[in-house]
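Visitor: Quick one: the structure is below, and I'll ask about it shortly.
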Amino acid sequence: MKVLLTGGAGYIGSHTAVELLNAGYEVVIADNFSNSSPETVGRIEKITGKNVSVYHVDVADKKGLRTVFEKERIGGVIHFAGYKAVGESVKVPLRYYRNNLDCTLTLLETMEQFGVNIIIFSSSATVYGPLNAIPYVETMAAGPCSNPYGSTKLMIEQIIKDASAARGELSAVLLRYFNPVGAHSSGLIGEMPNGIPNNLMPYISQVAVGKFEKLNVFGNDYPTRDGTGIRDYIHVVDLAKGHVAALKYGAAYRGVEVFNLGTGVGYSVLDIVGAFERANKIKIPYAIAPRREGDLPEYYSDSAKACRLMGWKAERTLEDMCRDAWNWQKNCPPARPIEV
Ligand code: WQD
């Protein structure tokens, strides 16, 4: 089967491309490279020894996307394309709603025109919002989200559910990611944060490489075991394999199904610092800083459903995550300059 990956040159898209190619699928990438590099496609090919068709298009551009569907016989779509910076989404919400919703609507319309009936969507644990108890289970009511980025994910979930209800042939799998970290063990692909990283693991890696003097730990007075925030970190390769499982599931299933993709285990910020130091034998200096606005004290997944229905389970350890994150950081192309 030929699979279209929108945003396929990005962090999670590129790792998913590798796992799909390894599993025997053909891969087509549509990306506008607004937050990724065309060089990544060559690296995917190098890792797998297989070719990828790549289109430099904006998924919200109807004509551009049509061309992809005309030229390739697409059997299913994995939809990653979208803006993803939480803080930025608070500052420029309309840009987030416009881009993330436009991309999805154009994609769903084009899929309908070409009779493509499987979509896997890149959703987020953030859709559970601040009110649910932990661990998060798929049966819980989602929302309200505390930022526009999260709201776009929740809205897109709803759009896909409505589209599938109206067009019964359309199967959808909505994947709610927890905190993806790490990189491919080859060190050839990984996360390329733009400017100063917002997320914990890339920030720690950049402290390790000497780009920053120390990590700021956002709060040590949360009601958690060591006072720092707890999250469910998942190795990006495990996450990528979750997409392969979802595609198989979607092909055999009619309707819409939601799955958490996490490990089910929560680690604190200080757990991550300690694990990174042990795995890579590098000291990570840190200082306690004020809490970051909008952060929740603790959340992690119940990921039993993905195991039960798709036979998928995260296998990589926290040590693997820290080792691979550092291996990528050492090898990765220079980061883009910090915008002022
Ligand atoms: C993890 C923990 C921080 C940076 C976000 C989005 C989510 C998803 C993944 C997708 C928290 C602490 C962090 C730092 C720190 N986005 N921290 N110092 O906020 O759980 O999830 O990224 O595209 O939707 O909300 O991840 O890695 O930013 O933070 O102390 O410099 O690390 O407070 O407890 P988060 P994160």
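Each chain in the structure tokens gets a letter, A, B, ..., in the order shown, and its residues are numbered from 1; ligands are numbered from 1 in order too.
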Contacts between ligand 1 and chain A, please, where a residue of chain A counts if it comes within 6 Å (with only C-alpha atoms and all ligand atoms); show its shortest atom pair and distance in Å to one decimal, rows by chain and ascending number, as CSV.

Guide:
residue,atom,partner,partner_atom_place_in_ligand_line,distance
A:Lys84,CA,ligand 1,23 (O),4.7
A:Val86,CA,ligand 1,25 (O),6.0
A:Ser124,CA,ligand 1,24 (O),5.7
A:Thr126,CA,ligand 1,24 (O),4.9
A:Asn179,CA,ligand 1,9 (C),5.0
A:Asn198,CA,ligand 1,28 (O),5.4
A:Asn199,CA,ligand 1,27 (O),3.3
A:Leu200,CA,ligand 1,4 (C),3.8
A:Tyr203,CA,ligand 1,31 (O),5.8
A:Leu215,CA,ligand 1,31 (O),5.9
A:Asn216,CA,ligand 1,18 (N),5.0
A:Val217,CA,ligand 1,30 (O),3.4
A:Phe218,CA,ligand 1,30 (O),3.9
A:Gly229,CA,ligand 1,34 (O),3.6
A:Ile230,CA,ligand 1,34 (O),5.7
A:Arg231,CA,ligand 1,20 (O),6.0
A:Val269,CA,ligand 1,32 (O),5.4
A:Arg292,CA,ligand 1,33 (O),5.9
A:Asp295,CA,ligand 1,33 (O),5.9

Visitor: As a short mmCIF file (atom, residue, chain, number, x, y, z; two decimals) with N, CA and C atoms, in the first residue's frame, which residues of segment 66-150 of chain A does DSSP assign to strand (DSSP E)?

Guide:
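File written: selection-v2.cif
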data_model
loop_
_atom_site.label_atom_id
_atom_site.label_comp_id
_atom_site.auth_asym_id
_atom_site.auth_seq_id
_atom_site.Cartn_x
_atom_site.Cartn_y
_atom_site.Cartn_z
N GLY A 76 -3.80 5.22 1.74
CA GLY A 76 -4.15 5.72 3.08
C GLY A 76 -3.30 6.93 3.41
N VAL A 77 -3.75 7.69 4.40
CA VAL A 77 -3.06 8.93 4.74
C VAL A 77 -2.75 8.96 6.24
N ILE A 78 -1.54 9.43 6.56
CA ILE A 78 -1.23 9.76 7.96
C ILE A 78 -1.01 11.27 8.01
N HIS A 79 -1.81 11.93 8.81
CA HIS A 79 -1.84 13.40 8.76
C HIS A 79 -1.09 14.02 9.95
N ILE A 118 -8.78 5.81 4.37
CA ILE A 118 -8.16 5.59 5.69
C ILE A 118 -7.34 6.81 6.06
N ILE A 119 -7.62 7.35 7.23
CA ILE A 119 -6.79 8.44 7.75
C ILE A 119 -6.37 8.13 9.19
N ILE A 120 -5.09 8.35 9.44
CA ILE A 120 -4.55 8.25 10.80
C ILE A 120 -4.20 9.68 11.19
N PHE A 121 -4.67 10.13 12.33
CA PHE A 121 -4.42 11.52 12.70
C PHE A 121 -3.54 11.63 13.94
N SER A 122 -2.61 12.59 13.81
CA SER A 122 -1.63 12.91 14.82
C SER A 122 -2.25 13.84 15.87
N SER A 123 -2.91 13.23 16.87
CA SER A 123 -3.52 14.06 17.91
C SER A 123 -2.61 14.08 19.15
N SER A 124 -3.12 14.61 20.23
CA SER A 124 -2.24 14.85 21.37
C SER A 124 -2.96 14.61 22.69
#

Visitor: Can you pull out every residue within 10 Å of Glu26 of chain A, counting only C-alpha atoms, but drop anything in the same chain fewer than 3 positions away, and send it as a ChimeraX atom specification?

Guide: /A:1-4,17,20-23,50-53,74-75

Visitor: Dump all heavy atoms for the selected residues as a compact mmCIF listing (two decimals), in the first residue's frame?

Guide:
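Result went into again_17.txt, see below:
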# COMPACT_ATOMS: atom_id res chain seq x y z
N MET A 1 0.84 -1.21 0.00
CA MET A 1 0.00 0.00 0.00
C MET A 1 0.88 1.26 0.00
O MET A 1 1.93 1.27 0.62
CB MET A 1 -0.88 0.02 1.26
CG MET A 1 -1.94 1.11 1.21
SD MET A 1 -2.38 1.75 2.85
CE MET A 1 -3.70 0.70 3.32
N LYS A 2 0.40 2.27 -0.76
CA LYS A 2 1.14 3.53 -0.80
C LYS A 2 0.50 4.49 0.20
O LYS A 2 -0.70 4.74 0.15
CB LYS A 2 1.05 4.10 -2.22
CG LYS A 2 2.09 5.11 -2.53
CD LYS A 2 1.99 5.58 -3.96
CE LYS A 2 2.98 4.89 -4.88
NZ LYS A 2 3.04 5.52 -6.21
N VAL A 3 1.33 5.01 1.13
CA VAL A 3 0.80 5.84 2.21
C VAL A 3 1.30 7.27 2.06
O VAL A 3 2.51 7.50 1.91
CB VAL A 3 1.25 5.30 3.58
CG1 VAL A 3 0.54 6.04 4.71
CG2 VAL A 3 0.98 3.81 3.69
N LEU A 4 0.37 8.22 2.11
CA LEU A 4 0.75 9.64 2.07
C LEU A 4 0.96 10.14 3.49
O LEU A 4 0.07 10.00 4.35
CB LEU A 4 -0.36 10.46 1.39
CG LEU A 4 -0.18 11.98 1.47
CD1 LEU A 4 1.05 12.45 0.70
CD2 LEU A 4 -1.44 12.70 0.95
N ALA A 17 7.92 7.40 8.63
CA ALA A 17 8.27 7.01 7.26
C ALA A 17 9.24 5.82 7.29
O ALA A 17 9.07 4.84 6.55
CB ALA A 17 8.90 8.20 6.53
N LEU A 20 7.39 2.62 8.31
CA LEU A 20 6.50 2.15 7.23
C LEU A 20 7.30 1.48 6.12
O LEU A 20 6.94 0.40 5.64
CB LEU A 20 5.71 3.33 6.64
CG LEU A 20 4.59 3.90 7.49
CD1 LEU A 20 4.11 5.23 6.91
CD2 LEU A 20 3.41 2.92 7.57
N LEU A 21 8.41 2.11 5.73
CA LEU A 21 9.26 1.54 4.67
C LEU A 21 9.82 0.20 5.12
O LEU A 21 9.82 -0.77 4.36
CB LEU A 21 10.38 2.52 4.31
CG LEU A 21 9.92 3.78 3.58
CD1 LEU A 21 10.98 4.88 3.64
CD2 LEU A 21 9.56 3.48 2.11
N ASN A 22 10.24 0.12 6.38
CA ASN A 22 10.76 -1.15 6.92
C ASN A 22 9.69 -2.24 6.94
O ASN A 22 9.98 -3.42 6.86
CB ASN A 22 11.30 -0.96 8.34
CG ASN A 22 12.64 -0.25 8.35
OD1 ASN A 22 13.31 -0.16 7.32
ND2 ASN A 22 13.02 0.30 9.50
N ALA A 23 8.43 -1.79 7.08
CA ALA A 23 7.32 -2.77 7.13
C ALA A 23 6.79 -3.09 5.72
O ALA A 23 5.80 -3.82 5.59
CB ALA A 23 6.20 -2.23 8.01
N LYS A 50 15.48 2.59 0.76
CA LYS A 50 14.31 2.62 -0.14
C LYS A 50 14.02 4.05 -0.57
O LYS A 50 14.43 5.01 0.10
CB LYS A 50 13.10 2.05 0.59
CG LYS A 50 13.33 0.60 0.96
CD LYS A 50 12.09 -0.07 1.42
CE LYS A 50 12.39 -1.55 1.66
NZ LYS A 50 11.49 -2.13 2.64
N ASN A 51 13.30 4.17 -1.68
CA ASN A 51 13.00 5.51 -2.20
C ASN A 51 11.69 6.05 -1.64
O ASN A 51 10.76 5.29 -1.38
CB ASN A 51 12.86 5.48 -3.73
CG ASN A 51 14.21 5.25 -4.38
OD1 ASN A 51 15.23 5.66 -3.84
ND2 ASN A 51 14.20 4.57 -5.51
N VAL A 52 11.65 7.37 -1.52
CA VAL A 52 10.46 8.06 -1.05
C VAL A 52 10.07 9.08 -2.12
O VAL A 52 10.95 9.76 -2.66
CB VAL A 52 10.77 8.81 0.27
CG1 VAL A 52 9.61 9.68 0.71
CG2 VAL A 52 11.14 7.84 1.38
N SER A 53 8.77 9.19 -2.44
CA SER A 53 8.33 10.26 -3.33
C SER A 53 8.05 11.47 -2.47
O SER A 53 7.34 11.36 -1.46
CB SER A 53 7.03 9.90 -4.05
OG SER A 53 7.18 8.69 -4.73
N ILE A 74 -2.72 6.77 -3.87
CA ILE A 74 -2.66 6.77 -2.41
C ILE A 74 -3.69 5.79 -1.83
O ILE A 74 -4.87 5.85 -2.17
CB ILE A 74 -2.95 8.19 -1.85
CG1 ILE A 74 -1.98 9.23 -2.45
CG2 ILE A 74 -2.91 8.21 -0.32
CD1 ILE A 74 -0.54 9.07 -2.09
N GLY A 75 -3.23 4.91 -0.94
CA GLY A 75 -4.15 3.95 -0.30
C GLY A 75 -4.61 4.41 1.08
O GLY A 75 -5.68 4.03 1.55

Visitor: Which of these residues is nearest to Lys214 of chain A, using only C-alpha atoms: A:Leu309, A:Val236, A:Ile12, A:Ile284?

Guide: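 With only C-alpha atoms as the atom set, the closest residue is A:Ile284.
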